[in-house]
file structure.cif (mmCIF, C-alpha atoms)
data_target
loop_
_atom_site.group_PDB
_atom_site.id
_atom_site.type_symbol
_atom_site.label_atom_id
_atom_site.label_comp_id
_atom_site.auth_asym_id
_atom_site.auth_seq_id
_atom_site.Cartn_x
_atom_site.Cartn_y
_atom_site.Cartn_z
ATOM 1 C CA MET I 28 0.000 0.000 0.000
ATOM 2 C CA SER I 29 2.502 2.559 -1.193
ATOM 3 C CA LEU I 30 1.807 6.283 -1.207
ATOM 4 C CA PHE I 31 2.656 8.259 -4.359
ATOM 5 C CA VAL I 32 2.597 12.069 -4.235
ATOM 6 C CA GLU I 33 3.196 13.879 -7.517
ATOM 7 C CA GLY I 34 3.336 17.621 -8.107
ATOM 8 C CA LEU I 35 1.332 18.403 -4.973
ATOM 9 C CA ARG I 36 1.258 22.156 -4.423
ATOM 10 C CA SER I 37 -0.702 25.093 -3.104
ATOM 11 C CA THR I 38 -0.091 28.822 -3.191
ATOM 12 C CA LEU I 39 1.813 28.384 0.099
ATOM 13 C CA ALA I 40 3.980 25.285 -0.405
ATOM 14 C CA GLY I 41 5.259 22.774 -2.920
ATOM 15 C CA PRO I 42 5.455 21.230 -5.391
ATOM 16 C CA PHE I 43 6.029 17.923 -3.588
ATOM 17 C CA THR I 44 6.835 14.644 -5.303
ATOM 18 C CA PHE I 45 7.801 11.533 -3.339
ATOM 19 C CA THR I 46 6.953 7.884 -2.644
ATOM 20 C CA VAL I 47 6.527 6.115 0.695
ATOM 21 C CA ALA I 48 6.452 2.318 0.537
ATOM 22 C CA THR I 49 4.090 0.078 2.446
ATOM 23 C CA GLY I 50 5.171 -0.292 6.068
ATOM 24 C CA GLN I 51 7.515 2.689 5.913
ATOM 25 C CA CYS I 52 7.543 5.947 7.850
ATOM 26 C CA LEU I 53 8.532 9.197 6.173
ATOM 27 C CA ALA I 54 9.691 11.687 8.822
ATOM 28 C CA ILE I 55 9.557 15.381 7.929
ATOM 29 C CA SER I 56 11.323 17.962 10.083
ATOM 30 C CA GLY I 57 11.644 21.711 9.641
ATOM 31 C CA ALA I 58 10.979 25.071 11.216
ATOM 32 C CA SER I 59 7.526 26.256 12.221
ATOM 33 C CA GLY I 60 5.679 27.830 9.320
ATOM 34 C CA SER I 61 7.727 26.062 6.643
ATOM 35 C CA GLY I 62 4.726 24.153 5.260
ATOM 36 C CA LYS I 63 4.782 20.760 6.987
ATOM 37 C CA THR I 64 1.181 20.918 8.199
ATOM 38 C CA ILE I 65 0.028 22.246 4.822
ATOM 39 C CA LEU I 66 1.556 19.192 3.146
ATOM 40 C CA LEU I 67 -0.342 16.827 5.455
ATOM 41 C CA ARG I 68 -3.588 18.737 4.933
ATOM 42 C CA MET I 69 -3.188 18.580 1.143
ATOM 43 C CA ILE I 70 -2.614 14.826 1.259
ATOM 44 C CA ALA I 71 -5.735 14.512 3.444
ATOM 45 C CA ASP I 72 -7.653 16.635 0.897
ATOM 46 C CA LEU I 73 -8.460 19.339 3.442
ATOM 47 C CA ASP I 74 -6.802 22.353 1.764
ATOM 48 C CA PRO I 75 -7.019 23.667 -1.839
ATOM 49 C CA HIS I 76 -4.220 22.315 -4.005
ATOM 50 C CA GLU I 77 -3.087 20.890 -7.325
ATOM 51 C CA GLY I 78 -1.326 17.599 -7.998
ATOM 52 C CA ARG I 79 -1.957 13.904 -7.637
ATOM 53 C CA VAL I 80 -2.046 11.539 -4.669
ATOM 54 C CA THR I 81 -2.347 7.765 -5.047
ATOM 55 C CA PHE I 82 -2.443 5.235 -2.228
ATOM 56 C CA ALA I 83 -2.673 1.442 -2.484
ATOM 57 C CA GLY I 84 -3.319 1.839 -6.194
ATOM 58 C CA ILE I 85 -6.286 4.156 -5.597
ATOM 59 C CA ASP I 86 -6.237 7.637 -7.087
ATOM 60 C CA ARG I 87 -7.514 10.018 -4.448
ATOM 61 C CA ALA I 88 -9.455 11.938 -7.107
ATOM 62 C CA SER I 89 -11.611 8.848 -7.682
ATOM 63 C CA LEU I 90 -12.991 8.934 -4.118
ATOM 64 C CA THR I 91 -15.185 11.321 -2.192
ATOM 65 C CA ALA I 92 -13.405 13.140 0.642
ATOM 66 C CA PRO I 93 -15.095 11.028 3.400
ATOM 67 C CA ASN I 94 -14.150 7.771 1.652
ATOM 68 C CA TRP I 95 -10.576 8.964 1.157
ATOM 69 C CA ARG I 96 -10.284 9.809 4.842
ATOM 70 C CA ARG I 97 -11.258 6.256 5.757
ATOM 71 C CA LEU I 98 -7.973 5.263 4.121
ATOM 72 C CA ALA I 99 -5.922 8.276 5.200
ATOM 73 C CA SER I 100 -6.260 9.567 8.753
ATOM 74 C CA LEU I 101 -4.816 12.948 9.722
ATOM 75 C CA VAL I 102 -3.967 13.356 13.406
ATOM 76 C CA PRO I 103 -3.631 17.132 13.828
ATOM 77 C CA ALA I 104 -1.519 18.818 16.464
ATOM 78 C CA ARG I 105 -4.798 19.858 18.130
ATOM 79 C CA SER I 106 -7.717 17.476 17.688
ATOM 80 C CA GLY I 107 -11.314 18.655 17.681
ATOM 81 C CA TRP I 108 -13.711 17.917 20.540
ATOM 82 C CA TRP I 109 -17.492 18.192 20.335
ATOM 83 C CA ALA I 110 -18.789 16.877 23.681
ATOM 84 C CA ASP I 111 -18.143 17.795 27.317
ATOM 85 C CA THR I 112 -16.630 14.547 28.595
ATOM 86 C CA ILE I 113 -13.775 12.608 27.074
ATOM 87 C CA VAL I 114 -15.598 9.267 27.051
ATOM 88 C CA GLU I 115 -18.304 10.674 24.766
ATOM 89 C CA HIS I 116 -15.734 10.861 21.964
ATOM 90 C CA PHE I 117 -15.139 7.104 21.961
ATOM 91 C CA PRO I 118 -17.480 4.362 20.692
ATOM 92 C CA PRO I 119 -18.959 2.238 23.500
ATOM 93 C CA ASP I 120 -18.718 -0.911 21.375
ATOM 94 C CA ARG I 121 -14.928 -0.468 21.074
ATOM 95 C CA GLU I 122 -14.255 0.203 24.749
ATOM 96 C CA THR I 123 -11.891 -2.745 25.181
ATOM 97 C CA ALA I 124 -9.816 -1.524 22.240
ATOM 98 C CA TRP I 125 -9.567 2.120 23.268
ATOM 99 C CA ARG I 126 -8.829 1.294 26.871
ATOM 100 C CA ALA I 127 -6.010 -0.995 25.734
ATOM 101 C CA LEU I 128 -4.600 1.776 23.519
ATOM 102 C CA ALA I 129 -4.862 4.231 26.408
ATOM 103 C CA ALA I 130 -2.873 1.897 28.640
ATOM 104 C CA ASP I 131 -0.245 1.514 25.892
ATOM 105 C CA LEU I 132 0.019 5.312 25.728
ATOM 106 C CA LEU I 133 0.320 5.681 29.517
ATOM 107 C CA LEU I 134 -3.075 7.336 29.984
ATOM 108 C CA PRO I 135 -4.943 6.608 33.239
ATOM 109 C CA ALA I 136 -8.284 4.824 32.942
ATOM 110 C CA ALA I 137 -9.967 7.517 35.064
ATOM 111 C CA LEU I 138 -9.125 10.153 32.442
ATOM 112 C CA PHE I 139 -12.082 9.125 30.297
ATOM 113 C CA GLU I 140 -14.568 10.179 32.970
ATOM 114 C CA ARG I 141 -13.232 13.734 33.067
ATOM 115 C CA SER I 142 -14.194 16.727 30.969
ATOM 116 C CA VAL I 143 -12.086 17.602 27.943
ATOM 117 C CA ASP I 144 -11.052 20.844 29.668
ATOM 118 C CA GLU I 145 -9.482 18.861 32.506
ATOM 119 C CA ALA I 146 -7.136 16.974 30.176
ATOM 120 C CA SER I 147 -3.663 18.371 29.600
ATOM 121 C CA THR I 148 -2.408 19.232 26.121
ATOM 122 C CA GLY I 149 -0.319 16.050 26.075
ATOM 123 C CA GLU I 150 -3.270 13.927 27.174
ATOM 124 C CA ARG I 151 -5.455 15.426 24.455
ATOM 125 C CA GLN I 152 -2.739 14.700 21.896
ATOM 126 C CA ARG I 153 -2.692 11.025 22.844
ATOM 127 C CA LEU I 154 -6.492 10.823 22.996
ATOM 128 C CA GLY I 155 -6.664 12.204 19.467
ATOM 129 C CA LEU I 156 -4.164 9.579 18.360
ATOM 130 C CA ILE I 157 -6.291 6.831 19.954
ATOM 131 C CA ARG I 158 -9.323 8.024 17.998
ATOM 132 C CA ALA I 159 -7.343 7.680 14.784
ATOM 133 C CA LEU I 160 -5.795 4.307 15.663
ATOM 134 C CA LEU I 161 -9.191 2.808 16.492
ATOM 135 C CA ALA I 162 -10.125 3.056 12.811
ATOM 136 C CA GLU I 163 -6.943 1.139 11.872
ATOM 137 C CA PRO I 164 -6.190 3.419 8.896
ATOM 138 C CA ASP I 165 -3.730 2.205 6.287
ATOM 139 C CA LEU I 166 -2.222 5.690 5.926
ATOM 140 C CA LEU I 167 -1.474 7.770 9.040
ATOM 141 C CA LEU I 168 -0.602 11.459 8.763
ATOM 142 C CA LEU I 169 0.836 12.594 12.096
ATOM 143 C CA ASP I 170 1.323 16.295 12.837
ATOM 144 C CA GLU I 171 3.755 16.578 15.772
ATOM 145 C CA PRO I 172 2.069 13.833 17.828
ATOM 146 C CA THR I 173 4.614 14.049 20.661
ATOM 147 C CA ALA I 174 5.229 17.808 20.778
ATOM 148 C CA SER I 175 3.810 18.213 24.306
ATOM 149 C CA LEU I 176 4.906 14.877 25.770
ATOM 150 C CA ASP I 177 7.525 13.832 28.282
ATOM 151 C CA PRO I 178 10.173 11.278 27.228
ATOM 152 C CA ALA I 179 8.278 8.236 28.561
ATOM 153 C CA SER I 180 5.038 9.214 26.803
ATOM 154 C CA THR I 181 6.967 10.020 23.625
ATOM 155 C CA GLN I 182 8.509 6.555 23.692
ATOM 156 C CA ALA I 183 5.050 5.020 24.160
ATOM 157 C CA VAL I 184 3.686 6.871 21.124
ATOM 158 C CA GLU I 185 6.668 5.869 19.013
ATOM 159 C CA ALA I 186 6.159 2.217 20.029
ATOM 160 C CA ALA I 187 2.439 2.358 19.174
ATOM 161 C CA ILE I 188 3.164 3.743 15.711
ATOM 162 C CA ALA I 189 5.904 1.151 15.201
ATOM 163 C CA ARG I 190 3.266 -1.551 15.793
ATOM 164 C CA ARG I 191 1.001 -0.005 13.147
ATOM 165 C CA LEU I 192 3.921 0.077 10.718
ATOM 166 C CA ALA I 193 4.669 -3.578 11.433
ATOM 167 C CA ALA I 194 1.015 -4.339 10.642
ATOM 168 C CA GLY I 195 1.453 -2.775 7.185
ATOM 169 C CA ALA I 196 0.455 0.857 7.649
ATOM 170 C CA THR I 197 2.218 3.705 5.870
ATOM 171 C CA VAL I 198 3.051 6.796 7.948
ATOM 172 C CA ILE I 199 4.088 10.408 7.420
ATOM 173 C CA TRP I 200 5.347 11.870 10.700
ATOM 174 C CA VAL I 201 5.939 15.612 11.038
ATOM 175 C CA THR I 202 8.281 16.598 13.880
ATOM 176 C CA HIS I 203 10.445 19.517 15.022
ATOM 177 C CA ASP I 204 12.872 17.027 16.566
ATOM 178 C CA ALA I 205 15.644 15.960 14.183
ATOM 179 C CA ALA I 206 16.661 13.154 16.569
ATOM 180 C CA GLN I 207 13.106 11.800 16.529
ATOM 181 C CA ALA I 208 13.009 12.026 12.736
ATOM 182 C CA SER I 209 16.088 9.825 12.512
ATOM 183 C CA ARG I 210 14.608 7.414 15.088
ATOM 184 C CA VAL I 211 11.172 6.883 13.568
ATOM 185 C CA GLY I 212 11.778 7.509 9.881
ATOM 186 C CA ASP I 213 12.744 4.893 7.325
ATOM 187 C CA LEU I 214 13.402 7.951 5.211
ATOM 188 C CA ALA I 215 13.610 11.570 6.294
ATOM 189 C CA PHE I 216 13.132 14.933 4.607
ATOM 190 C CA HIS I 217 13.749 18.440 5.886
ATOM 191 C CA MET I 218 11.406 21.231 4.856
ATOM 192 C CA LEU I 219 12.905 24.613 4.118
ATOM 193 C CA ALA I 220 11.057 27.908 4.374
ATOM 194 C CA GLY I 221 8.639 28.226 1.490
ATOM 195 C CA GLY I 222 7.652 24.590 1.551
ATOM 196 C CA VAL I 223 10.594 22.948 -0.207
ATOM 197 C CA LEU I 224 11.601 19.410 0.778
ATOM 198 C CA THR I 225 15.255 18.418 0.895
ATOM 199 C CA THR I 226 16.920 15.135 1.884
#
call {"tool": "encode", "arguments": {"input": "structure.cif", "output": "structure tokens"}}
result
Amino acid sequence: MSLFVEGLRSTLAGPFTFTVATGQCLAISGASGSGKTILLRMIADLDPHEGRVTFAGIDRASLTAPNWRRLASLVPARSGWWADTIVEHFPPDRETAWRALAADLLLPAALFERSVDEASTGERQRLGLIRALLAEPDLLLLDEPTASLDPASTQAVEAAIARRLAAGATVIWVTHDAAQASRVGDLAFHMLAGGVLTT
């Protein structure tokens, strides 16, 4: 389930052309404002753009946006929340699965009974990641998933994504941390100001 990106561009960044093979992680580092998030949002078909994206032999243009996002899941730096309590954001019929993921990511079981406002930034980051992982997407687009985490929680997230990669997922991981990029990435790019990727 390889990802092919060809000539992807907007008025703010690009063009981008690259391939990520099945089971590989592409790590992208670079300064804030260089265009990393824009790239992820274009792949997810959330921002206006030109160019072509193909995944697992499927041309993104052949699918509606909701159907594409069943294949490709973007985990933003700040996830959206629509209910008061955390547990309301998780399906009751998948409770065993999301509680297991929470334990893997070092989140206390009692957290789910609290309001969203009571969760720290790092807890909300990991909760957003759990929501994405529950759907078992084949393509994961991660926007700084460990930016607010301590070393132990960062290691837990990296291990969880490594398991998804081993199961055959393809991942693009945006990070400010060059050391993390070298740790998690099978290949790594650096984004320069103006949205230009370099190796």
call {"tool": "residues_near_point", "arguments": {"input": "structure.cif", "point": "(4.3, 18.0, 4.9)", "cutoff": "10 Å", "atoms": "all atoms listed in the file", "output": "PyMOL selection string"}}
result
chain I and resi 40-41+43+53-57+61-70+168-170+199-202+216-218+222-224
call {"tool": "closest_residue", "arguments": {"input": "structure.cif", "among": "I:Asp131, I:Asp144, I:Asp86, I:Asp177", "to": "Ala110 of chain I", "atoms": "all atoms listed in the file"}}
result
I:Asp144
call {"tool": "atom_distance", "arguments": {"input": "structure.cif", "atom1": "atom CA of Gly107 of chain I", "atom2": "atom CA of Arg191 of chain I"}}
result
22.8 Å
call {"tool": "resolve_selection", "arguments": {"input": "structure.cif", "expression": "the PyMOL selection byres ((chain I and resi 139) around 6)", "output": "PyMOL selection string"}}
result
chain I and resi 113-114+137-138+140-141
call {"tool": "residues_around", "arguments": {"input": "structure.cif", "residues": "Ala48 of chain I", "least_positions_apart": "5", "cutoff": "9 Å", "atoms": "only C-alpha atoms", "output": "list in words"}}
result
Met28, Ser29, Leu30, Phe31 and Thr197 of chain I
call {"tool": "resolve_selection", "arguments": {"input": "structure.cif", "expression": "the PyMOL selection byres ((chain I and resi 51) around 7)", "output": "PyMOL selection string"}}
result
chain I and resi 47-50+52-53+192+197-198+213
call {"tool": "closest_residue", "arguments": {"input": "structure.cif", "among": "I:Val80, I:Ala104, I:Ala193, I:Ala130", "to": "Gly149 of chain I", "atoms": "only C-alpha atoms"}}
result
I:Ala104
call {"tool": "resolve_selection", "arguments": {"input": "structure.cif", "expression": "the PyMOL selection byres ((chain I and resi 181) around 12)", "output": "list in words"}}
result
Asp131, Leu132, Leu133, Gly149, Glu150, Gln152, Arg153, Glu171, Pro172, Thr173, Ala174, Ser175, Leu176, Asp177, Pro178, Ala179, Ser180, Gln182, Ala183, Val184, Glu185, Ala186, Ala187, Ile188, Thr202, Asp204, Gln207, Arg210 and Val211 of chain I
call {"tool": "closest_residue", "arguments": {"input": "structure.cif", "among": "I:Leu160, I:Ala92, I:Val143, I:Val32", "to": "Asp72 of chain I", "atoms": "only C-alpha atoms"}}
result
I:Ala92
call {"tool": "closest_residue", "arguments": {"input": "structure.cif", "among": "I:Arg96, I:Arg151, I:His203, I:His76", "to": "Asp165 of chain I", "atoms": "only C-alpha atoms"}}
result
I:Arg96
call {"tool": "atom_distance", "arguments": {"input": "structure.cif", "atom1": "atom CA of Thr46 of chain I", "atom2": "atom CA of Thr226 of chain I"}}
result
13.1 Å
call {"tool": "closest_residue", "arguments": {"input": "structure.cif", "among": "I:Ser106, I:Leu134, I:Ala189, I:Leu73", "to": "Thr91 of chain I", "atoms": "only C-alpha atoms"}}
result
I:Leu73
call {"tool": "atom_distance", "arguments": {"input": "structure.cif", "atom1": "atom CA of Leu219 of chain I", "atom2": "atom CA of Leu166 of chain I"}}
result
24.3 Å
call {"tool": "closest_residue", "arguments": {"input": "structure.cif", "among": "I:Trp108, I:Pro75, I:Ser59, I:Leu161", "to": "Thr38 of chain I", "atoms": "all atoms listed in the file"}}
result
I:Pro75
call {"tool": "residues_near_point", "arguments": {"input": "structure.cif", "point": "(8.0, 18.9, -13.9)", "cutoff": "12 Å", "atoms": "all atoms listed in the file", "output": "PDB file with C-alpha atoms, in the frame of the given file"}}
result
ATOM      1  CA  GLU I  33       3.196  13.879  -7.517  1.00  0.00           C
ATOM      2  CA  GLY I  34       3.336  17.621  -8.107  1.00  0.00           C
ATOM      3  CA  LEU I  35       1.332  18.403  -4.973  1.00  0.00           C
ATOM      4  CA  GLY I  41       5.259  22.774  -2.920  1.00  0.00           C
ATOM      5  CA  PRO I  42       5.455  21.230  -5.391  1.00  0.00           C
ATOM      6  CA  PHE I  43       6.029  17.923  -3.588  1.00  0.00           C
ATOM      7  CA  THR I  44       6.835  14.644  -5.303  1.00  0.00           C
ATOM      8  CA  GLY I  78      -1.326  17.599  -7.998  1.00  0.00           C
TER       9      GLY I  78
END
call {"tool": "build_atoms", "arguments": {"input": "structure.cif", "residues": "segment 162-181 of chain I", "atoms": "N, CA, C and O atoms", "output": "CSV table (one decimal), keeping the file's coordinate frame"}}
result
chain,number,residue,atom,x,y,z
I,162,ALA,N,-9.6,3.3,14.2
I,162,ALA,CA,-10.1,3.1,12.8
I,162,ALA,C,-9.2,2.2,12.0
I,162,ALA,O,-9.5,1.8,10.9
I,163,GLU,N,-8.0,1.9,12.5
I,163,GLU,CA,-6.9,1.1,11.9
I,163,GLU,C,-6.7,1.6,10.4
I,163,GLU,O,-6.8,0.8,9.5
I,164,PRO,N,-6.4,2.9,10.3
I,164,PRO,CA,-6.2,3.4,8.9
I,164,PRO,C,-4.9,2.8,8.3
I,164,PRO,O,-4.0,2.5,9.0
I,165,ASP,N,-4.9,2.7,7.0
I,165,ASP,CA,-3.7,2.2,6.3
I,165,ASP,C,-2.7,3.3,6.1
I,165,ASP,O,-1.5,3.0,5.9
I,166,LEU,N,-3.1,4.6,6.1
I,166,LEU,CA,-2.2,5.7,5.9
I,166,LEU,C,-2.5,6.6,7.1
I,166,LEU,O,-3.6,7.2,7.3
I,167,LEU,N,-1.4,6.9,7.9
I,167,LEU,CA,-1.5,7.8,9.0
I,167,LEU,C,-0.6,9.0,8.8
I,167,LEU,O,0.5,8.9,8.4
I,168,LEU,N,-1.3,10.2,8.9
I,168,LEU,CA,-0.6,11.5,8.8
I,168,LEU,C,-0.5,12.1,10.1
I,168,LEU,O,-1.5,12.6,10.7
I,169,LEU,N,0.7,12.2,10.7
I,169,LEU,CA,0.8,12.6,12.1
I,169,LEU,C,1.5,14.0,12.2
I,169,LEU,O,2.6,14.1,11.7
I,170,ASP,N,0.8,14.9,12.7
I,170,ASP,CA,1.3,16.3,12.8
I,170,ASP,C,1.8,16.5,14.3
I,170,ASP,O,1.0,16.9,15.2
I,171,GLU,N,3.1,16.4,14.5
I,171,GLU,CA,3.8,16.6,15.8
I,171,GLU,C,3.0,15.9,16.9
I,171,GLU,O,2.6,16.5,17.9
I,172,PRO,N,2.9,14.5,16.8
I,172,PRO,CA,2.1,13.8,17.8
I,172,PRO,C,2.7,13.8,19.2
I,172,PRO,O,2.0,13.4,20.2
I,173,THR,N,4.0,14.1,19.3
I,173,THR,CA,4.6,14.0,20.7
I,173,THR,C,5.1,15.4,21.1
I,173,THR,O,5.9,15.5,22.1
I,174,ALA,N,4.7,16.5,20.5
I,174,ALA,CA,5.2,17.8,20.8
I,174,ALA,C,5.1,18.2,22.2
I,174,ALA,O,6.0,18.9,22.8
I,175,SER,N,4.0,17.8,22.9
I,175,SER,CA,3.8,18.2,24.3
I,175,SER,C,4.1,17.1,25.3
I,175,SER,O,3.6,17.2,26.5
I,176,LEU,N,4.8,16.1,24.9
I,176,LEU,CA,4.9,14.9,25.8
I,176,LEU,C,6.3,14.8,26.4
I,176,LEU,O,7.3,15.2,25.9
I,177,ASP,N,6.3,14.1,27.6
I,177,ASP,CA,7.5,13.8,28.3
I,177,ASP,C,8.2,12.6,27.6
I,177,ASP,O,7.6,12.0,26.7
I,178,PRO,N,9.5,12.4,27.9
I,178,PRO,CA,10.2,11.3,27.2
I,178,PRO,C,9.5,9.9,27.3
I,178,PRO,O,9.5,9.2,26.3
I,179,ALA,N,8.9,9.6,28.4
I,179,ALA,CA,8.3,8.2,28.6
I,179,ALA,C,7.0,8.2,27.7
I,179,ALA,O,6.8,7.1,27.0
I,180,SER,N,6.2,9.2,27.6
I,180,SER,CA,5.0,9.2,26.8
I,180,SER,C,5.4,9.3,25.3
I,180,SER,O,4.8,8.6,24.5
I,181,THR,N,6.5,10.0,25.0
I,181,THR,CA,7.0,10.0,23.6
I,181,THR,C,7.4,8.6,23.2
I,181,THR,O,7.0,8.2,22.1
